[in-house]
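Engineer: My structure file structure-v8.csv, CSV, C-alpha atoms, is below:
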```
chain,number,residue,atom,x,y,z
A,1,MET,CA,37.3,-12.6,-58.6
A,2,PRO,CA,37.0,-9.8,-61.2
A,3,LYS,CA,35.6,-6.3,-60.4
A,4,GLY,CA,31.9,-6.1,-60.8
A,5,VAL,CA,31.1,-9.4,-59.1
A,6,VAL,CA,28.2,-9.2,-56.7
A,7,TYR,CA,28.4,-11.5,-53.8
A,8,ARG,CA,25.5,-13.0,-51.8
A,9,PRO,CA,24.7,-11.1,-48.6
A,10,GLU,CA,26.7,-12.2,-45.6
A,11,MET,CA,24.3,-10.4,-43.2
A,12,SER,CA,23.3,-11.6,-39.8
A,13,LYS,CA,21.6,-9.9,-36.9
A,14,TYR,CA,21.8,-10.0,-33.1
A,15,VAL,CA,20.6,-8.0,-30.1
A,16,ASP,CA,23.3,-6.0,-28.2
A,17,PRO,CA,23.5,-7.3,-24.6
A,18,VAL,CA,23.9,-3.8,-23.1
A,19,SER,CA,21.7,-1.4,-25.1
A,20,GLY,CA,19.2,-3.9,-26.5
A,21,ILE,CA,19.6,-2.4,-30.0
A,22,GLU,CA,19.8,-4.6,-33.0
A,23,VAL,CA,23.2,-5.0,-34.5
A,24,VAL,CA,23.7,-6.0,-38.1
A,25,GLN,CA,26.9,-7.9,-39.0
A,26,LEU,CA,27.6,-7.1,-42.6
A,27,THR,CA,30.6,-9.3,-43.5
A,28,SER,CA,31.7,-12.8,-42.6
A,29,THR,CA,34.1,-13.9,-45.4
A,30,ARG,CA,37.4,-12.7,-46.8
A,31,GLN,CA,40.1,-11.4,-44.5
A,32,TRP,CA,40.4,-8.1,-42.7
A,33,ASN,CA,37.2,-6.3,-43.9
A,34,VAL,CA,38.0,-2.7,-42.9
A,35,HIS,CA,36.1,0.6,-43.6
A,36,PRO,CA,37.8,4.0,-43.9
A,37,THR,CA,39.6,4.9,-40.7
A,38,TYR,CA,39.7,8.0,-38.4
A,39,HIS,CA,37.4,10.8,-39.7
A,40,VAL,CA,37.3,9.7,-43.3
A,41,ASN,CA,33.9,9.2,-44.9
A,42,GLY,CA,33.0,5.7,-46.0
A,43,PHE,CA,29.3,6.2,-46.9
A,44,LEU,CA,28.5,6.2,-50.6
A,45,ASP,CA,25.0,7.3,-50.0
A,46,ASP,CA,22.4,6.7,-47.3
A,47,GLN,CA,22.3,2.9,-47.9
A,48,ARG,CA,25.8,1.8,-49.0
A,49,ILE,CA,29.3,1.8,-47.5
A,50,VAL,CA,32.7,1.2,-48.9
A,51,PHE,CA,35.5,-1.0,-47.5
A,52,THR,CA,38.6,-2.9,-48.3
A,53,ALA,CA,39.5,-6.5,-47.8
A,54,GLU,CA,42.1,-9.1,-48.7
A,55,ALA,CA,41.1,-11.9,-51.0
A,56,GLU,CA,43.2,-14.2,-53.3
A,57,GLY,CA,46.4,-12.3,-52.7
A,58,ALA,CA,45.2,-8.8,-53.3
A,59,THR,CA,43.4,-6.0,-51.4
A,60,ASN,CA,40.2,-5.1,-53.3
A,61,ILE,CA,37.6,-2.3,-52.7
A,62,TYR,CA,34.0,-3.3,-52.1
A,63,ALA,CA,30.6,-1.7,-51.6
A,64,CYS,CA,28.1,-3.1,-49.2
A,65,SER,CA,24.3,-2.4,-49.0
A,66,LEU,CA,23.3,-1.7,-45.4
A,67,LEU,CA,19.7,-2.8,-46.2
A,68,GLY,CA,20.1,-5.9,-48.4
A,69,GLY,CA,23.6,-6.9,-47.5
A,70,ASP,CA,24.8,-7.5,-51.1
A,71,ILE,CA,28.5,-6.8,-51.7
A,72,THR,CA,29.9,-5.6,-55.0
A,73,GLN,CA,33.6,-5.8,-55.8
A,74,LEU,CA,34.7,-2.4,-57.2
A,75,THR,CA,38.4,-3.0,-58.1
A,76,ALA,CA,40.7,-5.8,-59.0
A,77,GLY,CA,43.6,-5.1,-56.6
A,78,ARG,CA,47.2,-5.1,-57.7
A,79,GLY,CA,48.8,-6.1,-54.4
A,80,THR,CA,48.4,-6.5,-50.6
A,81,SER,CA,48.5,-3.4,-48.3
A,82,TYR,CA,49.7,0.1,-49.1
A,83,LEU,CA,53.3,1.3,-49.3
A,84,LEU,CA,53.2,3.0,-45.9
A,85,ALA,CA,52.4,-0.3,-44.2
A,86,TYR,CA,55.2,-2.1,-46.1
A,87,LEU,CA,57.8,0.5,-45.3
A,88,ALA,CA,56.8,0.4,-41.6
A,89,GLY,CA,57.5,-3.3,-41.7
A,90,GLU,CA,53.9,-4.2,-40.9
A,91,ARG,CA,52.7,-6.5,-43.7
A,92,GLY,CA,52.0,-6.9,-47.4
A,93,ASP,CA,53.9,-6.1,-50.5
A,94,GLY,CA,53.2,-2.3,-50.7
A,95,ARG,CA,51.7,-2.4,-54.1
A,96,GLY,CA,48.0,-2.3,-53.1
A,97,THR,CA,45.7,-0.1,-51.1
A,98,ASP,CA,44.0,-0.3,-47.7
A,99,ALA,CA,41.4,1.4,-45.6
A,100,PHE,CA,43.8,4.2,-44.7
A,101,HIS,CA,43.9,5.2,-48.3
A,102,ILE,CA,40.3,5.2,-49.5
A,103,VAL,CA,37.6,7.9,-49.2
A,104,ALA,CA,34.0,7.8,-50.4
A,105,GLY,CA,32.2,10.6,-52.2
A,106,TYR,CA,28.7,10.6,-50.6
A,107,SER,CA,26.8,12.5,-53.3
A,108,ILE,CA,28.9,11.6,-56.4
A,109,HIS,CA,29.0,7.8,-55.7
A,110,ALA,CA,32.7,7.5,-56.3
A,111,VAL,CA,35.6,6.1,-54.3
A,112,PHE,CA,39.0,7.7,-54.4
A,113,PHE,CA,42.0,5.5,-53.4
A,114,VAL,CA,45.8,5.4,-53.5
A,115,GLU,CA,47.2,2.2,-55.0
A,116,GLY,CA,51.0,2.0,-55.2
A,117,ASP,CA,52.0,5.5,-56.2
A,118,GLU,CA,48.7,6.4,-58.0
A,119,LEU,CA,45.6,8.3,-56.9
A,120,ARG,CA,42.7,6.6,-58.7
A,121,THR,CA,38.9,6.8,-58.7
A,122,VAL,CA,36.2,4.3,-59.4
A,123,ASN,CA,32.5,5.1,-60.0
A,124,VAL,CA,30.4,2.8,-57.9
A,125,ASP,CA,27.5,2.7,-60.3
A,126,THR,CA,29.4,2.2,-63.6
A,127,LEU,CA,32.6,0.7,-62.2
A,128,GLU,CA,34.5,3.1,-64.5
A,129,GLU,CA,38.0,3.6,-63.2
A,130,GLU,CA,40.4,6.5,-63.8
A,131,LEU,CA,43.9,7.5,-62.9
A,132,LEU,CA,43.9,11.0,-61.4
A,133,PHE,CA,47.4,11.7,-60.2
A,134,HIS,CA,50.9,10.2,-60.0
A,135,ILE,CA,52.4,10.6,-56.5
A,136,GLY,CA,55.9,9.6,-57.6
A,137,PRO,CA,58.7,7.6,-56.0
A,138,ASP,CA,59.9,10.3,-53.5
A,139,TRP,CA,56.6,10.5,-51.6
A,140,VAL,CA,54.4,8.3,-49.4
A,141,CYS,CA,50.7,9.2,-48.9
A,142,GLY,CA,49.2,9.6,-45.5
A,143,VAL,CA,45.4,9.3,-44.7
A,144,LEU,CA,43.3,10.3,-47.8
A,145,GLU,CA,40.6,12.9,-47.5
A,146,LEU,CA,38.0,14.7,-49.7
A,147,SER,CA,36.7,18.3,-49.5
A,148,GLY,CA,33.2,19.0,-48.3
A,149,ASP,CA,32.0,19.9,-51.8
A,150,GLU,CA,33.6,16.6,-53.0
A,151,GLN,CA,35.6,18.4,-55.7
A,152,THR,CA,39.2,18.0,-54.3
A,153,VAL,CA,41.1,15.1,-52.9
A,154,LEU,CA,43.6,16.0,-50.2
A,155,LEU,CA,46.8,14.1,-50.3
A,156,PRO,CA,49.1,14.4,-47.2
A,157,LEU,CA,52.5,13.5,-48.7
A,158,LEU,CA,55.4,12.4,-46.6
A,159,PRO,CA,59.0,12.1,-47.8
A,160,ARG,CA,60.0,8.5,-48.4
A,161,GLU,CA,63.3,9.3,-46.8
A,162,CYS,CA,61.7,9.6,-43.3
A,163,PHE,CA,61.0,5.9,-43.4
A,164,ASN,CA,64.6,5.0,-44.1
A,165,THR,CA,65.1,3.8,-40.5
A,166,TYR,CA,64.0,1.0,-38.2
A,167,GLY,CA,61.5,1.5,-35.5
A,168,ASP,CA,57.9,2.7,-35.0
A,169,LEU,CA,56.0,5.9,-35.8
A,170,ALA,CA,58.0,7.8,-33.1
A,171,GLU,CA,61.2,7.0,-35.0
A,172,PHE,CA,59.7,8.3,-38.3
A,173,LEU,CA,58.7,11.5,-36.5
A,174,ARG,CA,62.1,12.0,-34.9
A,175,ARG,CA,63.8,11.5,-38.3
A,176,THR,CA,61.6,14.0,-40.0
A,177,ASP,CA,62.2,16.5,-37.3
A,178,ARG,CA,65.9,16.0,-37.0
A,179,LEU,CA,66.6,16.0,-40.7
A,180,ALA,CA,64.1,18.8,-41.5
A,181,LEU,CA,62.4,16.6,-44.1
A,182,PRO,CA,59.5,18.2,-45.9
A,183,SER,CA,55.8,17.3,-45.7
A,184,ARG,CA,53.4,18.4,-48.4
A,185,LEU,CA,49.6,18.7,-48.7
A,186,VAL,CA,48.5,18.4,-52.3
A,187,GLY,CA,45.0,19.1,-53.6
A,188,VAL,CA,43.9,17.1,-56.7
A,189,SER,CA,40.8,18.1,-58.7
A,190,VAL,CA,38.2,15.4,-59.0
A,191,ARG,CA,37.2,16.6,-62.4
A,192,ASP,CA,40.5,16.8,-64.3
A,193,GLY,CA,43.3,15.6,-62.0
A,194,ARG,CA,45.0,19.0,-61.9
A,195,SER,CA,47.1,19.3,-58.7
A,196,GLN,CA,48.1,22.2,-56.5
A,197,ILE,CA,50.5,22.2,-53.5
A,198,LEU,CA,48.5,23.7,-50.7
A,199,TRP,CA,51.0,23.5,-47.9
A,200,GLU,CA,54.7,22.5,-47.6
A,201,GLU,CA,57.1,22.8,-44.7
A,202,ALA,CA,60.2,21.1,-43.3
A,203,GLY,CA,60.6,19.2,-40.1
A,204,ARG,CA,56.9,18.4,-39.7
A,205,PHE,CA,55.3,15.0,-40.2
A,206,ILE,CA,51.7,15.6,-41.5
A,207,GLY,CA,50.0,12.3,-42.1
A,208,HIS,CA,46.5,13.3,-41.1
A,209,ALA,CA,44.8,16.3,-42.6
A,210,ALA,CA,41.2,17.2,-43.4
A,211,PHE,CA,39.4,20.1,-45.2
A,212,SER,CA,36.8,21.9,-43.2
A,213,PRO,CA,33.4,20.4,-44.3
A,214,THR,CA,32.3,23.9,-45.3
A,215,SER,CA,35.4,25.5,-46.7
A,216,ASP,CA,38.5,24.5,-48.6
A,217,LYS,CA,40.4,27.4,-47.1
A,218,TYR,CA,40.8,25.6,-43.7
A,219,ILE,CA,42.6,22.3,-43.0
A,220,LEU,CA,42.7,20.5,-39.6
A,221,CYS,CA,45.9,18.5,-39.3
A,222,ASP,CA,48.3,16.6,-37.0
A,223,ARG,CA,51.4,18.7,-37.5
A,224,ALA,CA,53.7,16.3,-35.7
A,225,THR,CA,57.3,16.7,-34.5
A,226,ASP,CA,59.6,14.6,-32.3
A,227,PRO,CA,57.3,13.1,-29.6
A,228,ASP,CA,59.8,13.9,-26.9
A,229,ARG,CA,59.0,17.6,-27.5
A,230,ARG,CA,56.1,17.3,-25.1
A,231,THR,CA,54.9,20.9,-25.1
A,232,GLU,CA,54.9,21.2,-28.9
A,233,PRO,CA,51.2,21.1,-30.0
A,234,LEU,CA,50.1,18.3,-32.3
A,235,LEU,CA,46.7,19.7,-33.5
A,236,TRP,CA,46.8,22.7,-35.8
A,237,LEU,CA,44.5,24.7,-38.0
A,238,LEU,CA,46.0,25.7,-41.4
A,239,ARG,CA,44.6,28.9,-42.8
A,240,LEU,CA,45.6,28.5,-46.5
A,241,GLU,CA,44.7,32.0,-47.7
A,242,GLU,CA,46.9,33.6,-44.9
A,243,ALA,CA,49.6,30.8,-45.2
A,244,GLU,CA,49.2,30.6,-41.4
A,245,ALA,CA,49.4,27.7,-39.0
A,246,VAL,CA,47.5,28.2,-35.7
A,247,PRO,CA,47.8,25.7,-32.8
A,248,PHE,CA,44.7,24.4,-31.1
A,249,PRO,CA,45.2,24.7,-27.3
A,250,THR,CA,44.1,21.2,-26.4
A,251,ARG,CA,44.2,20.0,-22.8
A,252,ASN,CA,47.1,17.8,-23.7
A,253,PRO,CA,49.4,19.3,-26.4
A,254,LYS,CA,49.8,15.8,-27.9
A,255,THR,CA,46.1,15.2,-28.5
A,256,GLY,CA,45.2,13.5,-31.8
A,257,HIS,CA,42.3,11.6,-33.4
A,258,SER,CA,40.4,14.7,-34.1
A,259,VAL,CA,37.4,15.5,-36.3
A,260,TRP,CA,35.6,18.6,-37.6
A,261,LEU,CA,32.1,19.5,-36.4
A,262,PRO,CA,29.7,19.0,-39.3
A,263,ASP,CA,29.0,22.8,-39.6
A,264,GLY,CA,32.8,23.7,-39.7
A,265,THR,CA,32.6,25.9,-36.7
A,266,GLY,CA,35.0,23.9,-34.6
A,267,VAL,CA,36.6,20.5,-33.9
A,268,VAL,CA,36.3,17.6,-31.5
A,269,THR,CA,39.3,15.9,-30.0
A,270,HIS,CA,40.2,13.8,-27.0
A,271,GLY,CA,43.3,12.7,-25.0
A,272,MET,CA,44.8,12.0,-21.6
A,273,VAL,CA,45.7,14.6,-19.0
A,274,VAL,CA,49.3,14.3,-18.0
A,275,ASP,CA,50.1,17.7,-16.3
A,276,GLN,CA,49.9,16.4,-12.7
A,277,GLY,CA,46.8,18.7,-12.2
A,278,PRO,CA,43.6,17.6,-10.5
A,279,GLU,CA,42.5,15.7,-13.6
A,280,HIS,CA,45.9,13.9,-14.1
A,281,GLY,CA,45.4,10.5,-15.7
A,282,ALA,CA,41.8,11.2,-16.8
A,283,GLU,CA,40.6,11.1,-20.4
A,284,TYR,CA,39.0,14.3,-21.7
A,285,VAL,CA,36.8,15.1,-24.7
A,286,GLN,CA,37.1,18.7,-25.9
A,287,ILE,CA,35.3,20.9,-28.4
A,288,LEU,CA,37.3,23.8,-29.7
A,289,ASN,CA,35.9,26.7,-31.8
A,290,LEU,CA,37.4,27.8,-35.1
A,291,ASP,CA,39.1,30.7,-33.2
A,292,THR,CA,40.7,28.0,-31.1
A,293,SER,CA,38.8,28.9,-27.9
A,294,THR,CA,37.3,26.0,-25.9
A,295,ARG,CA,33.6,25.6,-26.3
A,296,TRP,CA,33.3,22.6,-24.0
A,297,ILE,CA,35.4,20.0,-22.2
A,298,GLY,CA,34.4,16.9,-20.3
A,299,TYR,CA,36.5,14.5,-18.2
A,300,HIS,CA,36.3,10.8,-17.4
A,301,GLY,CA,38.3,8.5,-15.2
A,302,PRO,CA,40.9,7.4,-14.6
A,303,PRO,CA,41.0,4.7,-15.8
A,304,ARG,CA,41.2,5.9,-19.4
A,305,TYR,CA,41.0,4.0,-22.6
A,306,TYR,CA,42.2,4.5,-26.1
A,307,GLY,CA,39.6,5.7,-28.6
A,308,HIS,CA,38.4,7.5,-31.7
A,309,CYS,CA,35.6,10.0,-32.0
A,310,HIS,CA,33.0,10.9,-34.6
A,311,VAL,CA,30.0,13.4,-34.5
A,312,THR,CA,26.4,13.1,-35.5
A,313,PRO,CA,25.3,15.4,-38.3
A,314,ASP,CA,23.4,17.8,-36.0
A,315,GLY,CA,26.7,18.3,-34.1
A,316,GLN,CA,25.0,17.5,-30.8
A,317,THR,CA,26.4,14.0,-30.0
A,318,ILE,CA,29.9,12.6,-30.0
A,319,THR,CA,30.5,8.9,-30.5
A,320,VAL,CA,33.6,7.2,-29.1
A,321,ASP,CA,34.9,3.6,-29.3
A,322,GLY,CA,36.9,3.9,-26.1
A,323,VAL,CA,37.4,6.6,-23.4
A,324,PHE,CA,34.5,5.3,-21.2
A,325,SER,CA,35.0,1.5,-21.8
A,326,PRO,CA,37.5,-0.5,-23.8
A,327,ASP,CA,34.9,-2.5,-25.6
A,328,GLN,CA,31.8,-0.3,-26.1
A,329,ILE,CA,30.7,2.5,-28.4
A,330,THR,CA,29.4,5.3,-26.3
A,331,ALA,CA,27.3,8.4,-27.2
A,332,VAL,CA,28.4,11.5,-25.4
A,333,THR,CA,26.0,14.5,-25.3
A,334,PRO,CA,27.6,17.7,-23.9
A,335,HIS,CA,25.3,20.1,-21.9
A,336,GLY,CA,26.5,23.1,-19.9
A,337,ASP,CA,29.6,22.1,-18.0
A,338,GLY,CA,28.7,18.4,-18.0
A,339,TYR,CA,27.6,15.6,-20.3
A,340,SER,CA,25.4,12.5,-20.5
A,341,THR,CA,26.4,9.2,-21.9
A,342,LYS,CA,24.6,6.2,-23.4
A,343,VAL,CA,26.0,2.9,-24.6
A,344,ILE,CA,25.2,2.4,-28.2
A,345,CYS,CA,26.5,-1.2,-28.4
A,346,VAL,CA,29.4,-3.4,-27.5
A,347,HIS,CA,32.1,-3.4,-30.3
A,348,GLY,CA,34.2,-6.1,-28.6
A,349,THR,CA,37.2,-5.7,-30.8
A,350,ASP,CA,40.6,-7.1,-30.1
A,351,SER,CA,42.6,-3.9,-30.2
A,352,SER,CA,45.9,-5.7,-30.1
A,353,GLY,CA,45.7,-5.9,-33.9
A,354,GLY,CA,46.7,-2.3,-34.3
A,355,GLN,CA,44.8,0.5,-36.1
A,356,ARG,CA,43.1,-1.9,-38.5
A,357,ALA,CA,41.6,-3.7,-35.5
A,358,HIS,CA,40.1,-0.6,-33.9
A,359,ALA,CA,36.3,0.0,-34.1
A,360,HIS,CA,36.5,3.5,-35.7
A,361,PRO,CA,32.7,4.3,-35.4
A,362,HIS,CA,31.4,6.4,-38.2
A,363,VAL,CA,27.9,8.1,-38.3
A,364,SER,CA,26.3,8.4,-41.7
A,365,PRO,CA,25.8,11.9,-43.1
A,366,ASP,CA,22.0,11.5,-42.7
A,367,GLY,CA,22.4,10.4,-39.1
A,368,GLU,CA,20.6,7.1,-39.6
A,369,TRP,CA,23.4,4.6,-39.3
A,370,LEU,CA,26.6,4.0,-37.3
A,371,VAL,CA,29.1,1.6,-38.8
A,372,PHE,CA,32.1,0.1,-37.0
A,373,GLY,CA,34.6,-2.7,-37.3
A,374,SER,CA,35.5,-5.5,-34.9
A,375,LEU,CA,38.3,-8.0,-34.7
A,376,ARG,CA,36.8,-11.1,-33.1
A,377,GLY,CA,38.2,-14.6,-33.1
A,378,GLY,CA,40.9,-13.7,-35.6
A,379,ARG,CA,38.5,-12.1,-38.1
A,380,LYS,CA,37.9,-8.4,-38.8
A,381,ASP,CA,34.4,-7.7,-39.9
A,382,LEU,CA,32.0,-4.8,-40.3
A,383,PHE,CA,28.9,-4.1,-38.3
A,384,ALA,CA,26.1,-1.5,-38.3
A,385,VAL,CA,23.3,-0.2,-36.0
A,386,ARG,CA,20.4,2.1,-36.8
A,387,LEU,CA,20.7,5.1,-34.6
A,388,ASN,CA,17.0,5.9,-34.9
A,389,GLU,CA,16.4,2.8,-32.8
A,390,LEU,CA,18.2,4.3,-29.8
A,391,THR,CA,17.6,7.8,-28.3
A,392,ILE,CA,21.1,9.2,-27.8
A,393,GLY,CA,20.4,12.9,-27.2
```
Please re-express this file's structure in structure tokens.

Structural biologist:
Amino acid sequence: MPKGVVYRPEMSKYVDPVSGIEVVQLTSTRQWNVHPTYHVNGFLDDQRIVFTAEAEGATNIYACSLLGGDITQLTAGRGTSYLLAYLAGERGDGRGTDAFHIVAGYSIHAVFFVEGDELRTVNVDTLEEELLFHIGPDWVCGVLELSGDEQTVLLPLLPRECFNTYGDLAEFLRRTDRLALPSRLVGVSVRDGRSQILWEEAGRFIGHAAFSPTSDKYILCDRATDPDRRTEPLLWLLRLEEAEAVPFPTRNPKTGHSVWLPDGTGVVTHGMVVDQGPEHGAEYVQILNLDTSTRWIGYHGPPRYYGHCHVTPDGQTITVDGVFSPDQITAVTPHGDGYSTKVICVHGTDSSGGQRAHAHPHVSPDGEWLVFGSLRGGRKDLFAVRLNELTIG
């Protein structure tokens, strides 16, 4: 189908068996409906989200109304999956885009995406599409991000040479480390496509990076090395004006899946304790201040479960899609030295499908909605709940 087509709503509703809250299923056709992953914004405004899906041999970008359920096709995709997935031997032809390579502008109603080796943008209201930046054949883009003022797209660029090997992510990290291959963070202006190299260094694999929501002078990133270097920190703060990288002292040095607090005063992360101490084997959730001191830490388990975290706009509640249960989205509210939890809903995803299968809960910038994905019965679809129907504080 061409861009601009508006599809009939696929919406259906049911009551969650644990929390009793109403859950809205937003999609039920196409294949692999996936919203932006990790910490990346997928809300176009207070009522619409953006996602990617495969249809008719291509990955297209769509917008979906959270209220009426209508779905609009925003692009006519050129291929299936992005280059990174193709080089990793996962799937697709490498000429398209995917949910790891799109980010939504909440106030400007635009989507920025990498397709092939191009950074492009599409206006959701007019469907006008524009080429912003050529990445070139020597680089592969990591997870796309957008600055808090929505004026700069952040491209974490990895040398294509680091993927010239067989194996998984660990092998790519080892190759980058061993051969001292460079990683580069590039900022691209939303207005005119002008680019600037913000950070570059050898021997580090930087695939996840995010501007502070309140300043483009700070970047949170996974500054990865050979995973066998167990004491080498993964999570770092880049202070661009000082050209300085500062490690966050996370409970486990190899902590990842981190997100900024909405006010930019710190970050939230989680991981598993592996130091043979009293919490060995437990999962922890940790809040670190911008000066890298620990504001709060909470432990759960064992057992522990894989997960991703997001934060409500008031900064008071952390949502996770694992940690406490493998199939539930849980709200975690820190207080003092402890915390309280409440189940938001069952996500029920089959996590064996890799990152695309994970729930990745995202709270809307206005705090009204939580959107997540779920792989059920061989289909990946999108779901939403209204947080104002559930007291989570």

Engineer: Please, which residues in stretch 22-42 of chain A fall within 10 Å of stretch 130-154 of chain A when counting only C-alpha atoms, and what is the closest atom pair and distance in Å to one decimal for each, ordered by chain then residue number, as a Markdown table?

Structural biologist:
```
| residue | atom | partner | partner_atom | distance |
| --- | --- | --- | --- | --- |
| A:Pro36 | CA | A:Leu144 | CA | 9.2 |
| A:Thr37 | CA | A:Val143 | CA | 8.3 |
| A:Tyr38 | CA | A:Val143 | CA | 8.6 |
| A:His39 | CA | A:Glu145 | CA | 8.7 |
| A:Val40 | CA | A:Glu145 | CA | 6.2 |
| A:Asn41 | CA | A:Glu145 | CA | 8.1 |
```

Engineer: Leaving out A:Val332 and any residue of its chain fewer than 2 positions from it, which residues lie within 8 Å of it when counting all atoms listed in the file, given as a PyMOL selection string?

Structural biologist: chain A and resi 317-320+330+334+339-342

Engineer: Export C-alpha atoms of the chosen residues as an mmCIF file, in the frame of the given file?

Structural biologist:
```cif
data_model
loop_
_atom_site.group_PDB
_atom_site.id
_atom_site.type_symbol
_atom_site.label_atom_id
_atom_site.label_comp_id
_atom_site.auth_asym_id
_atom_site.auth_seq_id
_atom_site.Cartn_x
_atom_site.Cartn_y
_atom_site.Cartn_z
ATOM 1 C CA THR A 317 26.400 14.000 -30.000
ATOM 2 C CA ILE A 318 29.900 12.600 -30.000
ATOM 3 C CA THR A 319 30.500 8.900 -30.500
ATOM 4 C CA VAL A 320 33.600 7.200 -29.100
ATOM 5 C CA THR A 330 29.400 5.300 -26.300
ATOM 6 C CA PRO A 334 27.600 17.700 -23.900
ATOM 7 C CA TYR A 339 27.600 15.600 -20.300
ATOM 8 C CA SER A 340 25.400 12.500 -20.500
ATOM 9 C CA THR A 341 26.400 9.200 -21.900
ATOM 10 C CA LYS A 342 24.600 6.200 -23.400
#
```

Engineer: Ranking A:Leu370, A:Val103, A:Leu375, A:Leu235 by minimum distance to A:Asp350 and counting all atoms listed in the file, which one comes first?

Structural biologist: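 The shortest atom-to-atom distance to A:Asp350 comes from A:Leu375.
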
Engineer: Just checking: using only C-alpha atoms, which residue out of A:Glu54, A:Asp45, A:Asp16, A:Asp366 ends up closest to A:Gln31?

Structural biologist: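 Closest to A:Gln31, using only C-alpha atoms: A:Glu54.
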
Engineer: Work out how far atom CA of A:Asp93 is from atom CA of A:Arg160, in Å to one decimal.

Structural biologist: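 Atom-to-atom, atom CA of A:Arg160 to atom CA of A:Asp93, that is 16.0 Å.
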
Engineer: Write out as a count of residues only the residues lying within 7 Å of A:Cys64, counting all atoms listed in the file and excluding same-chain residues fewer than 6 positions away.

Structural biologist: 6

Engineer: Extract, using all atoms listed in the file, all DNA, RNA and protein residues at most 10 Å from stretch 263-269 of chain A, discarding same-chain residues fewer than 5 positions from it, and format them as a ChimeraX atom specification.

Structural biologist: /A:148,211-215,218,220,235,237,248,250-251,255-258,284-297,308-311,313-315,318

Engineer: Using only C-alpha atoms, find the one residue out of A:Ile61, A:Trp199, A:His35, A:Arg356 that sits nearest to A:Arg239.

Structural biologist: A:Trp199

Engineer: Determine, counting only C-alpha atoms, which protein, DNA and RNA residues have an atom within 10 Å of an atom of A:Leu66; residues of the same chain fewer than 3 positions away are not included. Present the result as a PDB file with C-alpha atoms, in the frame of the given file.

Structural biologist:
```pdb
ATOM      1  CA  MET A  11      24.300 -10.400 -43.200  1.00  0.00           C
ATOM      2  CA  VAL A  24      23.700  -6.000 -38.100  1.00  0.00           C
ATOM      3  CA  GLN A  25      26.900  -7.900 -39.000  1.00  0.00           C
ATOM      4  CA  LEU A  26      27.600  -7.100 -42.600  1.00  0.00           C
ATOM      5  CA  ASP A  46      22.400   6.700 -47.300  1.00  0.00           C
ATOM      6  CA  GLN A  47      22.300   2.900 -47.900  1.00  0.00           C
ATOM      7  CA  ARG A  48      25.800   1.800 -49.000  1.00  0.00           C
ATOM      8  CA  ILE A  49      29.300   1.800 -47.500  1.00  0.00           C
ATOM      9  CA  ALA A  63      30.600  -1.700 -51.600  1.00  0.00           C
ATOM     10  CA  GLY A  69      23.600  -6.900 -47.500  1.00  0.00           C
ATOM     11  CA  ASP A  70      24.800  -7.500 -51.100  1.00  0.00           C
ATOM     12  CA  ILE A  71      28.500  -6.800 -51.700  1.00  0.00           C
ATOM     13  CA  TRP A 369      23.400   4.600 -39.300  1.00  0.00           C
ATOM     14  CA  VAL A 371      29.100   1.600 -38.800  1.00  0.00           C
ATOM     15  CA  PHE A 383      28.900  -4.100 -38.300  1.00  0.00           C
ATOM     16  CA  ALA A 384      26.100  -1.500 -38.300  1.00  0.00           C
ATOM     17  CA  VAL A 385      23.300  -0.200 -36.000  1.00  0.00           C
ATOM     18  CA  ARG A 386      20.400   2.100 -36.800  1.00  0.00           C
TER      19      ARG A 386
END
```

Engineer: For atom CA of A:Pro227 and atom CA of A:Gly203, quote the distance in Å rounded to one decimal.

Structural biologist: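 If I compute the distance from atom CA of A:Pro227 to atom CA of A:Gly203, I get 12.6 Å.
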
Engineer: So the first atom is atom CA of A:Tyr86 and the second is atom CA of A:Gly116; what is the distance between them in Å, to one decimal place?

Structural biologist: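 Computed distance, atom CA of A:Tyr86 to atom CA of A:Gly116, equals 10.8 Å.
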
Engineer: So which residues touch A:Ser28 within 12 Å, counting all atoms listed in the file, skipping near sequence neighbours fewer than 4 positions away, as a list of chain:residue names?

Structural biologist: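 Once the adjacent positions are removed, what remains is A:Tyr7, A:Arg8, A:Pro9, A:Glu10, A:Met11, A:Ser12, A:Lys13, A:Val24, A:Trp32, A:Asn33, A:Val34, A:Ala53, A:Gly69, A:Ile71, A:Gly373, A:Ser374, A:Leu375, A:Arg376, A:Gly377, A:Gly378, A:Arg379, A:Lys380, A:Asp381, A:Leu382, A:Phe383.
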
Engineer: Take the residues from that selection and put them in a file with C-alpha atoms, as a compact mmCIF listing (two decimals), in the frame of the given file.

Structural biologist:
```
# COMPACT_ATOMS: atom_id res chain seq x y z
CA TYR A 7 28.40 -11.50 -53.80
CA ARG A 8 25.50 -13.00 -51.80
CA PRO A 9 24.70 -11.10 -48.60
CA GLU A 10 26.70 -12.20 -45.60
CA MET A 11 24.30 -10.40 -43.20
CA SER A 12 23.30 -11.60 -39.80
CA LYS A 13 21.60 -9.90 -36.90
CA VAL A 24 23.70 -6.00 -38.10
CA TRP A 32 40.40 -8.10 -42.70
CA ASN A 33 37.20 -6.30 -43.90
CA VAL A 34 38.00 -2.70 -42.90
CA ALA A 53 39.50 -6.50 -47.80
CA GLY A 69 23.60 -6.90 -47.50
CA ILE A 71 28.50 -6.80 -51.70
CA GLY A 373 34.60 -2.70 -37.30
CA SER A 374 35.50 -5.50 -34.90
CA LEU A 375 38.30 -8.00 -34.70
CA ARG A 376 36.80 -11.10 -33.10
CA GLY A 377 38.20 -14.60 -33.10
CA GLY A 378 40.90 -13.70 -35.60
CA ARG A 379 38.50 -12.10 -38.10
CA LYS A 380 37.90 -8.40 -38.80
CA ASP A 381 34.40 -7.70 -39.90
CA LEU A 382 32.00 -4.80 -40.30
CA PHE A 383 28.90 -4.10 -38.30
```
